[in-house]
>>> print(open('data_33.txt').read())   # compact mmCIF, C-alpha atoms
# COMPACT_ATOMS: atom_id res chain seq x y z
CA MET A 1 23.73 -25.98 5.30
CA THR A 2 21.80 -22.72 5.69
CA ASP A 3 25.08 -20.89 6.31
CA GLN A 4 26.44 -22.38 3.09
CA MET A 5 23.41 -21.16 1.11
CA TYR A 6 23.80 -17.62 2.43
CA LYS A 7 27.49 -17.75 1.51
CA LYS A 8 26.60 -18.94 -2.00
CA LEU A 9 24.25 -15.98 -2.36
CA GLY A 10 27.06 -13.60 -1.47
CA ILE A 11 26.16 -12.74 2.12
CA SER A 12 29.21 -12.63 4.38
CA GLU A 13 29.48 -14.35 7.74
CA SER A 14 29.74 -11.01 9.54
CA VAL A 15 26.51 -9.71 7.98
CA ARG A 16 24.67 -12.96 8.71
CA ASN A 17 25.86 -12.96 12.33
CA HIS A 18 24.70 -9.36 12.71
CA GLY A 19 21.30 -10.40 11.39
CA GLU A 20 21.02 -13.28 13.84
CA ARG A 21 21.86 -11.02 16.78
CA VAL A 22 19.12 -8.64 15.71
CA LEU A 23 16.58 -11.45 15.31
CA LYS A 24 17.05 -12.66 18.88
CA SER A 25 15.67 -9.34 20.12
CA LEU A 26 12.54 -9.57 17.93
CA GLU A 27 10.90 -12.77 19.14
CA GLU A 28 8.16 -11.04 21.16
CA ARG A 29 7.56 -8.50 18.37
CA PHE A 30 7.11 -11.27 15.83
CA ARG A 31 4.75 -13.14 18.14
CA LYS A 32 2.42 -10.12 18.24
CA ILE A 33 2.53 -9.84 14.45
CA ASP A 34 1.47 -13.48 14.23
CA GLU A 35 -1.42 -12.85 16.62
CA THR A 36 -2.72 -10.06 14.40
CA ALA A 37 -2.35 -12.29 11.35
CA GLU A 38 -4.34 -15.04 13.07
CA TYR A 39 -7.22 -12.67 13.81
CA ASN A 40 -7.25 -11.31 10.26
CA GLN A 41 -7.07 -14.82 8.82
CA LEU A 42 -10.17 -15.77 10.77
CA LYS A 43 -11.88 -12.54 9.66
CA VAL A 44 -11.27 -13.36 5.99
CA LEU A 45 -12.32 -16.99 6.47
CA SER A 46 -15.52 -15.91 8.18
CA ALA A 47 -16.31 -13.45 5.38
CA MET A 48 -15.88 -16.17 2.76
CA GLN A 49 -18.07 -18.61 4.67
CA ASP A 50 -20.75 -16.03 5.46
CA ASN A 51 -21.02 -15.14 1.77
CA ARG A 52 -21.18 -18.80 0.70
CA VAL A 53 -18.13 -18.84 -1.54
CA SER A 54 -18.46 -21.94 -3.71
CA GLU A 55 -16.48 -23.74 -6.39
CA ALA A 56 -18.69 -22.04 -8.96
CA CYS A 57 -17.30 -18.67 -7.83
CA LEU A 58 -13.92 -19.62 -9.28
CA HIS A 59 -15.24 -19.89 -12.84
CA PRO A 60 -14.45 -17.08 -15.30
CA SER A 61 -16.78 -14.81 -17.23
CA THR A 62 -16.16 -13.14 -20.58
CA GLY A 63 -17.59 -10.36 -22.69
CA TYR A 64 -19.97 -8.14 -20.75
CA GLY A 65 -19.59 -10.23 -17.61
CA TYR A 66 -23.30 -10.28 -16.84
CA ASN A 67 -24.29 -12.41 -13.83
CA ASP A 68 -20.70 -13.18 -12.84
CA LEU A 69 -21.29 -15.09 -9.60
CA GLY A 70 -17.62 -15.10 -8.62
CA ARG A 71 -17.14 -11.38 -9.17
CA ASP A 72 -20.31 -10.39 -7.32
CA THR A 73 -19.64 -12.75 -4.42
CA LEU A 74 -16.06 -11.53 -4.10
CA GLU A 75 -17.30 -7.96 -3.79
CA ARG A 76 -19.62 -9.03 -0.98
CA VAL A 77 -16.66 -10.77 0.69
CA TYR A 78 -14.60 -7.57 0.52
CA ALA A 79 -17.50 -5.60 1.96
CA SER A 80 -17.67 -8.09 4.83
CA VAL A 81 -13.92 -7.99 5.47
CA PHE A 82 -13.89 -4.19 5.56
CA HIS A 83 -17.28 -3.94 7.30
CA THR A 84 -18.72 -1.69 4.59
CA GLU A 85 -22.01 -1.52 2.71
CA ASP A 86 -20.53 -2.33 -0.68
CA ALA A 87 -17.29 -2.91 -2.59
CA LEU A 88 -15.95 -2.73 -6.12
CA VAL A 89 -13.19 -5.29 -6.82
CA ARG A 90 -12.10 -5.48 -10.44
CA PRO A 91 -9.18 -6.57 -12.62
CA LEU A 92 -10.07 -3.54 -14.77
CA ILE A 93 -8.49 -1.34 -12.09
CA ALA A 94 -4.89 -1.10 -13.23
CA CYS A 95 -3.19 0.02 -10.01
CA GLY A 96 -3.66 1.88 -6.75
CA THR A 97 -3.45 5.26 -8.45
CA HIS A 98 -6.18 4.20 -10.88
CA ALA A 99 -8.40 3.02 -8.01
CA LEU A 100 -7.98 6.37 -6.25
CA ALA A 101 -8.62 8.28 -9.48
CA VAL A 102 -11.83 6.31 -10.06
CA ALA A 103 -13.04 6.96 -6.51
CA LEU A 104 -12.22 10.67 -6.73
CA SER A 105 -13.59 11.36 -10.19
CA GLY A 106 -16.69 9.28 -9.49
CA ASN A 107 -17.61 11.35 -6.44
CA LEU A 108 -16.44 14.87 -7.30
CA ARG A 109 -18.25 17.29 -9.60
CA PRO A 110 -17.27 20.63 -11.17
CA GLY A 111 -17.14 23.29 -8.47
CA ASP A 112 -16.32 20.81 -5.69
CA GLU A 113 -13.14 21.04 -3.68
CA LEU A 114 -10.88 18.20 -2.57
CA LEU A 115 -8.96 18.56 0.70
CA SER A 116 -5.88 16.68 1.89
CA PRO A 117 -5.42 17.27 5.64
CA VAL A 118 -2.22 15.18 5.71
CA GLY A 119 -0.03 17.24 3.41
CA LYS A 120 1.21 16.37 -0.04
CA PRO A 121 -0.28 13.21 -1.61
CA TYR A 122 1.72 10.46 -3.30
CA ASP A 123 3.57 11.64 -6.40
CA THR A 124 1.34 9.92 -8.97
CA LEU A 125 -1.78 11.56 -7.49
CA GLU A 126 -0.40 15.02 -8.22
CA GLU A 127 -1.31 14.62 -11.89
CA VAL A 128 -4.66 13.03 -11.06
CA ILE A 129 -5.57 16.06 -8.96
CA GLY A 130 -3.87 18.62 -11.20
CA ILE A 131 -1.21 19.83 -8.76
CA ARG A 132 1.08 19.08 -11.68
CA PRO A 133 -0.86 19.85 -14.88
CA SER A 134 -1.93 16.72 -16.73
CA THR A 135 -4.48 15.81 -19.37
CA GLY A 136 -7.75 14.69 -17.79
CA SER A 137 -6.92 15.86 -14.25
CA LEU A 138 -9.60 16.85 -11.76
CA ALA A 139 -8.49 20.44 -12.18
CA GLU A 140 -9.43 20.31 -15.88
CA TYR A 141 -12.96 19.41 -14.80
CA GLY A 142 -13.28 22.34 -12.42
CA VAL A 143 -12.42 20.54 -9.17
CA THR A 144 -10.23 22.65 -6.89
CA TYR A 145 -7.77 21.37 -4.32
CA ARG A 146 -6.15 22.48 -1.11
CA GLN A 147 -4.00 20.80 1.47
CA VAL A 148 -3.07 21.28 5.10
CA GLU A 149 0.42 20.29 6.17
CA LEU A 150 1.01 18.04 9.13
CA LEU A 151 2.56 19.63 12.20
CA PRO A 152 6.33 19.18 12.69
CA ASP A 153 5.66 16.32 15.14
CA GLY A 154 3.57 14.48 12.51
CA ASN A 155 0.20 15.21 14.12
CA PHE A 156 -2.78 16.87 12.45
CA ASP A 157 -3.11 20.66 12.43
CA TYR A 158 -6.74 20.68 13.53
CA GLU A 159 -7.08 24.47 13.58
CA ALA A 160 -5.80 24.78 10.02
CA ILE A 161 -8.02 21.90 8.90
CA ARG A 162 -11.10 23.57 10.37
CA SER A 163 -10.20 26.79 8.54
CA ALA A 164 -9.63 24.92 5.27
CA VAL A 165 -13.05 23.24 5.19
CA ASN A 166 -15.53 25.47 3.37
CA LYS A 167 -18.86 25.21 1.55
CA LYS A 168 -17.12 23.88 -1.58
CA THR A 169 -15.29 21.10 0.26
CA ARG A 170 -16.90 17.87 -0.88
CA MET A 171 -14.28 15.19 -0.33
CA VAL A 172 -11.28 14.57 1.90
CA THR A 173 -8.42 12.28 0.89
CA ILE A 174 -6.36 10.77 3.70
CA GLN A 175 -3.20 8.94 2.72
CA ARG A 176 -2.46 6.33 5.35
CA SER A 177 1.06 5.44 4.25
CA LYS A 178 3.98 7.81 3.80
CA GLY A 179 4.54 7.60 0.03
CA TYR A 180 7.91 9.09 -0.87
CA GLN A 181 8.01 11.08 2.35
CA THR A 182 9.65 10.24 5.64
CA ARG A 183 6.68 11.09 7.82
CA LYS A 184 5.12 8.49 10.07
CA THR A 185 2.36 6.28 8.73
CA LEU A 186 -1.05 7.02 10.20
CA SER A 187 -2.61 4.46 12.52
CA VAL A 188 -6.25 3.46 12.22
CA LYS A 189 -6.84 5.16 15.57
CA GLN A 190 -5.37 8.46 14.30
CA ILE A 191 -7.37 8.23 11.09
CA GLY A 192 -10.55 7.62 13.08
CA GLU A 193 -9.93 10.70 15.24
CA LEU A 194 -9.40 12.83 12.15
CA ILE A 195 -12.55 11.52 10.44
CA ARG A 196 -14.66 12.18 13.54
CA PHE A 197 -13.32 15.75 13.63
CA LEU A 198 -14.12 16.27 9.93
CA HIS A 199 -17.61 14.81 10.23
CA GLU A 200 -18.31 17.08 13.19
CA ILE A 201 -17.53 20.03 10.92
CA ASN A 202 -19.65 18.66 8.07
CA PRO A 203 -21.35 15.24 8.29
CA GLU A 204 -21.73 15.20 4.49
CA LEU A 205 -17.99 15.25 3.79
CA ILE A 206 -16.82 12.11 1.96
CA CYS A 207 -13.76 10.87 3.82
CA MET A 208 -11.68 8.59 1.59
CA VAL A 209 -8.63 6.72 2.86
CA ASP A 210 -5.82 5.60 0.58
CA ASN A 211 -5.29 2.27 2.33
CA CYS A 212 -2.37 1.06 0.20
CA TYR A 213 0.22 -0.96 2.17
CA GLY A 214 -1.91 -0.88 5.32
CA GLU A 215 -4.43 -3.71 4.87
CA PHE A 216 -4.23 -6.43 7.56
CA VAL A 217 -1.35 -4.76 9.42
CA GLU A 218 -3.76 -3.97 12.26
CA GLU A 219 -6.87 -5.78 13.41
CA LEU A 220 -9.03 -2.82 12.36
CA GLU A 221 -9.24 -1.05 9.00
CA PRO A 222 -10.01 2.66 8.42
CA SER A 223 -13.56 1.69 7.44
CA ASP A 224 -14.00 0.43 11.02
CA ALA A 225 -13.01 3.92 12.17
CA GLY A 226 -15.55 5.85 10.11
CA ALA A 227 -14.03 6.14 6.62
CA ASP A 228 -16.68 6.53 3.92
CA LEU A 229 -14.39 4.91 1.33
CA VAL A 230 -11.23 2.81 1.57
CA VAL A 231 -9.20 2.26 -1.57
CA GLY A 232 -6.28 0.01 -2.43
CA SER A 233 -4.42 -2.13 -4.94
CA LEU A 234 -4.61 -5.90 -5.27
CA ILE A 235 -0.93 -6.17 -6.15
CA LYS A 236 -0.23 -4.94 -2.65
CA ASN A 237 -1.43 -6.48 0.63
CA PRO A 238 -4.95 -7.77 -0.17
CA GLY A 239 -3.90 -9.68 -3.30
CA GLY A 240 -1.64 -11.92 -1.25
CA GLY A 241 0.94 -12.01 -4.04
CA LEU A 242 -1.38 -14.01 -6.30
CA ALA A 243 -3.62 -11.32 -7.80
CA PRO A 244 -2.23 -10.53 -11.27
CA SER A 245 -3.79 -7.04 -11.35
CA GLY A 246 -6.71 -5.13 -9.92
CA GLY A 247 -7.85 -2.83 -7.17
CA TYR A 248 -10.70 -2.33 -4.72
CA ILE A 249 -12.96 0.46 -3.53
CA ALA A 250 -15.04 -0.32 -0.44
CA GLY A 251 -17.41 1.88 1.53
CA LYS A 252 -20.87 3.36 1.57
CA LYS A 253 -23.01 1.99 -1.23
CA LYS A 254 -23.80 5.30 -2.92
CA TYR A 255 -20.14 6.29 -3.14
CA VAL A 256 -19.06 2.86 -4.41
CA GLU A 257 -21.80 2.97 -7.06
CA ARG A 258 -20.63 6.38 -8.27
CA ALA A 259 -17.12 5.01 -8.61
CA ALA A 260 -18.46 2.03 -10.56
CA PHE A 261 -20.23 4.33 -13.02
CA ARG A 262 -16.91 6.07 -13.59
CA LEU A 263 -14.97 2.82 -13.97
CA THR A 264 -17.30 1.36 -16.60
CA SER A 265 -20.02 3.69 -17.90
CA PRO A 266 -22.97 5.73 -16.67
CA GLY A 267 -25.97 3.42 -16.66
CA LEU A 268 -23.82 0.26 -16.48
CA GLY A 269 -21.78 0.52 -13.29
CA LYS A 270 -21.17 -2.76 -11.47
CA GLU A 271 -23.39 -4.79 -13.81
CA VAL A 272 -20.65 -5.23 -16.41
CA GLY A 273 -16.97 -6.15 -16.37
CA ALA A 274 -15.81 -9.69 -17.04
CA SER A 275 -13.59 -11.33 -14.43
CA LEU A 276 -11.87 -13.39 -17.15
CA GLN A 277 -9.48 -15.81 -15.40
CA THR A 278 -8.84 -13.73 -12.26
CA ASN A 279 -11.38 -15.11 -9.77
CA PRO A 280 -9.27 -18.01 -8.42
CA ALA A 281 -6.25 -15.74 -7.83
CA PHE A 282 -8.39 -13.00 -6.29
CA TYR A 283 -10.05 -15.39 -3.82
CA GLN A 284 -6.94 -17.34 -2.92
CA GLY A 285 -4.83 -14.19 -2.74
CA LEU A 286 -7.26 -12.59 -0.29
CA PHE A 287 -7.28 -15.79 1.75
CA LEU A 288 -3.47 -15.74 2.00
CA ALA A 289 -3.21 -11.97 2.47
CA PRO A 290 -3.12 -11.87 6.30
CA THR A 291 -0.14 -14.25 6.55
CA VAL A 292 1.65 -12.75 3.54
CA THR A 293 1.23 -9.28 5.07
CA ALA A 294 2.64 -10.61 8.35
CA ALA A 295 5.74 -11.88 6.52
CA ALA A 296 6.24 -8.48 4.91
CA LEU A 297 5.71 -6.74 8.24
CA LYS A 298 8.35 -8.92 9.91
CA GLY A 299 10.70 -7.96 7.09
CA ALA A 300 10.10 -4.25 7.69
CA VAL A 301 10.71 -4.60 11.44
CA PHE A 302 13.87 -6.62 10.79
CA ALA A 303 15.18 -4.04 8.31
CA ALA A 304 14.64 -1.18 10.76
CA ASN A 305 16.49 -2.96 13.52
CA LEU A 306 19.27 -4.17 11.22
CA PHE A 307 20.13 -0.69 9.90
CA GLU A 308 19.52 1.16 13.16
CA GLY A 309 22.61 2.53 14.82
CA TYR A 310 24.56 3.22 11.62
CA GLY A 311 23.73 6.92 11.39
CA PHE A 312 20.78 6.62 8.99
CA ASP A 313 17.33 8.06 9.65
CA ILE A 314 14.98 5.10 10.08
CA VAL A 315 11.18 5.62 9.79
CA PRO A 316 9.61 3.95 11.67
CA ASP A 317 12.46 3.14 14.02
CA GLY A 318 13.03 -0.35 15.33
CA LYS A 319 10.74 -0.01 18.35
CA GLU A 320 7.79 2.01 17.01
CA SER A 321 4.35 0.55 16.38
CA ARG A 322 3.65 -0.38 12.74
CA HIS A 323 0.70 0.69 10.61
CA ASP A 324 1.89 -0.32 7.13
CA ILE A 325 4.51 -2.61 5.61
CA ILE A 326 6.85 0.14 4.38
CA GLN A 327 10.27 0.80 5.88
CA ALA A 328 12.00 4.06 4.97
CA ILE A 329 15.77 4.43 5.32
CA THR A 330 17.41 7.77 4.53
CA PHE A 331 21.00 7.42 3.34
CA GLY A 332 21.63 11.07 2.45
CA CYS A 333 23.34 10.10 -0.81
CA PRO A 334 22.19 8.47 -4.06
CA GLU A 335 24.80 5.70 -3.70
CA GLY A 336 22.98 4.32 -0.66
CA VAL A 337 19.58 4.20 -2.39
CA ILE A 338 21.07 2.53 -5.47
CA ALA A 339 23.11 -0.04 -3.51
CA PHE A 340 20.12 -1.00 -1.37
CA CYS A 341 17.88 -1.51 -4.39
CA ARG A 342 20.52 -3.58 -6.14
CA GLY A 343 20.70 -5.82 -3.09
CA ILE A 344 16.95 -6.39 -3.14
CA GLN A 345 17.08 -7.17 -6.87
CA ALA A 346 19.94 -9.63 -6.35
CA ALA A 347 17.77 -11.54 -3.86
CA ALA A 348 14.79 -11.81 -6.22
CA PRO A 349 13.47 -15.08 -7.65
CA VAL A 350 12.88 -13.37 -11.01
CA ASP A 351 15.47 -11.23 -12.83
CA SER A 352 18.01 -11.52 -10.02
CA PHE A 353 20.74 -11.01 -12.64
CA VAL A 354 19.38 -7.57 -13.62
CA THR A 355 21.04 -4.40 -12.30
CA PRO A 356 18.40 -1.73 -11.56
CA GLU A 357 19.13 1.82 -12.67
CA PRO A 358 17.33 5.12 -11.97
CA TRP A 359 15.02 6.22 -14.80
CA ALA A 360 12.35 8.79 -15.64
CA MET A 361 9.31 6.77 -14.55
CA PRO A 362 5.90 8.16 -15.67
CA GLY A 363 4.07 10.12 -12.97
CA TYR A 364 7.13 11.16 -10.96
CA ASP A 365 9.04 14.45 -10.88
CA ALA A 366 12.51 12.87 -10.48
CA ASP A 367 14.32 9.75 -11.65
CA VAL A 368 13.22 6.71 -9.66
CA ILE A 369 15.04 3.44 -9.04
CA MET A 370 12.94 0.34 -8.50
CA ALA A 371 13.95 -3.17 -7.50
CA ALA A 372 11.27 -5.80 -7.93
CA GLY A 373 12.13 -9.18 -9.34
CA ALA A 374 8.50 -10.18 -8.93
CA PHE A 375 6.15 -12.81 -10.32
CA VAL A 376 3.64 -9.98 -10.92
CA GLN A 377 5.08 -6.86 -12.52
CA GLY A 378 5.22 -4.01 -10.01
CA SER A 379 3.82 -6.10 -7.18
CA SER A 380 4.95 -4.39 -4.00
CA ILE A 381 3.65 -7.07 -1.65
CA GLU A 382 6.51 -9.06 -3.15
CA LEU A 383 10.06 -8.24 -2.04
CA SER A 384 10.72 -4.79 -3.48
CA ALA A 385 12.36 -1.45 -2.88
CA ASP A 386 12.30 1.90 -4.61
CA GLY A 387 13.04 5.54 -4.15
CA PRO A 388 13.40 8.86 -5.98
CA ILE A 389 16.92 10.01 -6.73
CA LYS A 390 16.57 13.35 -5.00
CA PRO A 391 17.30 14.70 -1.49
CA PRO A 392 17.12 13.42 1.18
CA TYR A 393 17.88 10.20 -0.76
CA SER A 394 15.56 7.78 0.99
CA VAL A 395 14.79 4.21 -0.01
CA PHE A 396 11.41 2.62 0.69
CA PHE A 397 11.45 -1.12 1.31
CA GLN A 398 8.38 -3.34 1.41
CA GLY A 399 7.08 -6.82 0.78
CA GLY A 400 8.18 -10.41 0.96
CA LEU A 401 5.77 -13.25 0.24
CA THR A 402 7.48 -15.34 2.91
CA TRP A 403 9.47 -14.32 5.96
CA PRO A 404 12.60 -16.31 4.94
CA HIS A 405 12.69 -14.50 1.60
CA ALA A 406 12.16 -11.10 3.22
CA LYS A 407 15.02 -11.88 5.61
CA CYS A 408 17.32 -12.94 2.77
CA GLY A 409 16.53 -9.82 0.75
CA ILE A 410 17.23 -7.48 3.65
CA LEU A 411 20.54 -9.19 4.43
CA MET A 412 21.48 -8.92 0.75
CA ALA A 413 20.65 -5.20 0.73
CA PHE A 414 22.68 -4.73 3.90
CA GLN A 415 25.58 -6.58 2.26
CA LYS A 416 25.50 -4.25 -0.76
CA ILE A 417 25.62 -1.23 1.57
CA VAL A 418 28.67 -2.77 3.30
CA ASP A 419 30.28 -3.53 -0.06
CA ALA A 420 29.72 0.08 -1.16
CA GLY A 421 31.73 1.25 1.85
CA LEU A 422 28.84 3.13 3.44
CA ILE A 423 28.95 1.11 6.69
CA THR A 424 31.27 -1.31 8.48
CA VAL A 425 29.94 -4.25 10.45
>>> encode(input="data_33.txt", output="structure tokens")
Amino acid sequence: MTDQMYKKLGISESVRNHGERVLKSLEERFRKIDETAEYNQLKVLSAMQDNRVSEACLHPSTGYGYNDLGRDTLERVYASVFHTEDALVRPLIACGTHALAVALSGNLRPGDELLSPVGKPYDTLEEVIGIRPSTGSLAEYGVTYRQVELLPDGNFDYEAIRSAVNKKTRMVTIQRSKGYQTRKTLSVKQIGELIRFLHEINPELICMVDNCYGEFVEELEPSDAGADLVVGSLIKNPGGGLAPSGGYIAGKKKYVERAAFRLTSPGLGKEVGASLQTNPAFYQGLFLAPTVTAAALKGAVFAANLFEGYGFDIVPDGKESRHDIIQAITFGCPEGVIAFCRGIQAAAPVDSFVTPEPWAMPGYDADVIMAAGAFVQGSSIELSADGPIKPPYSVFFQGGLTWPHAKCGILMAFQKIVDAGLITV
């Protein structure tokens, strides 16, 4: 009956058989992913119990949001999960870029310099920083920026980083995931080594990690490795597919407080901000996040192994260790990116009948195609894929609330690539 359902969805017998052959080689890999998920599930459960989450925490607040028990308790839970002094978790944070902008602008002042020791940041941060001129950027407020490229092998250029740090350097931004690049994602261990090096140069440097797509992939988080701030989006891993919006900033109390004063208002900070109806989804989403992340991670591993051997650049490859949920596949032509995304869209529970097209998406310097038939708009912990229509023509796949859905979506994308004549099974 399962074979019949795949056939009904348009997946050929040859593609399905190829998928099953690949899966047989992944049993041990999937077992280790489940072990990590079990640890992280217990970590989240312990944090909720230690902070005495109660039924009253699920009730909404309105207006100013004074004395919102659910909101304040949730922020203590996040601080416990990430082993930090404090956390800011709010539906007012629109997306990951907004969370990063709040953390940066809250902790940088005119005359300060921001350093990226991992090369170019994600496209949407270019306008936040002012690399591409934009109204309200950090550059408009007198904050300067410099970056140090990674070495050709993907490692840090420690000598260049040491030379780049100067008396103006106030904050360091470390992007864990690859963004629209085909570099390797940074492991928590690598991030920790970099932070220790930076703090040896200047213990007062604020080391912030863009943790998007990396939460719960490993047993440790960057905050366990010395990060002063970790920042992410709730419509990615930690929202578990249930959070309808929001983001988090966790870290040292003084840096989180500065971000809160930027998010709301000087003098108000964390004291205001109604949770409205989001508390139940935020709590339950966080509770489900470790297993949902594991499903997405299995999907990424499956995709790498499914497409490997067909002449495409696969990052990470099928055997490499994983430090986020993103799988990059470089097709070398726009047709491959478009066909892949259309396959992901065709496997969606929402808007499966829609055909995605490249368009001029705000914040990007090239047309972008996005496939995400999601319950929450733009949720990339749900089955999704996207990529800029520019060389080297790479697609970035992520998400899947359940492993069976992630599997189906990847097979559908593979089928569209076959149908486009780009590969033969």
>>> closest_residue(input="data_33.txt", among="A:Tyr6, A:Tyr78, A:Tyr39, A:Trp403", to="A:Tyr283", atoms="only C-alpha atoms")
A:Tyr78
>>> residues_around(input="data_33.txt", residues="A:Glu357", least_positions_apart="4", cutoff="12 Å", atoms="all atoms listed in the file", output="list in words")
Pro334, Glu335, Val337, Ile338, Ala339, Phe340, Cys341, Arg342, Gln345, Met361, Asp367, Val368, Ile369, Met370, Ala371, Ala372, Asp386, Gly387, Pro388 and Ile389 of chain A
>>> residues_around(input="data_33.txt", residues="A:Tyr393", least_positions_apart="5", cutoff="6 Å", atoms="all atoms listed in the file", output="MDAnalysis selection string")
chainID A and resid 330:334
>>> residues_around(input="data_33.txt", residues="A:Val165", least_positions_apart="6", cutoff="9 Å", atoms="only C-alpha atoms", output="PDB file with C-alpha atoms, in the frame of the given file")
ATOM      1  CA  LEU A 115      -8.960  18.560   0.700  1.00  0.00           C
ATOM      2  CA  LEU A 198     -14.120  16.270   9.930  1.00  0.00           C
ATOM      3  CA  ILE A 201     -17.530  20.030  10.920  1.00  0.00           C
ATOM      4  CA  ASN A 202     -19.650  18.660   8.070  1.00  0.00           C
TER       5      ASN A 202
END
>>> closest_residue(input="data_33.txt", among="A:Val143, A:Leu92, A:Cys57, A:Leu422", to="A:Gly130", atoms="all atoms listed in the file")
A:Val143
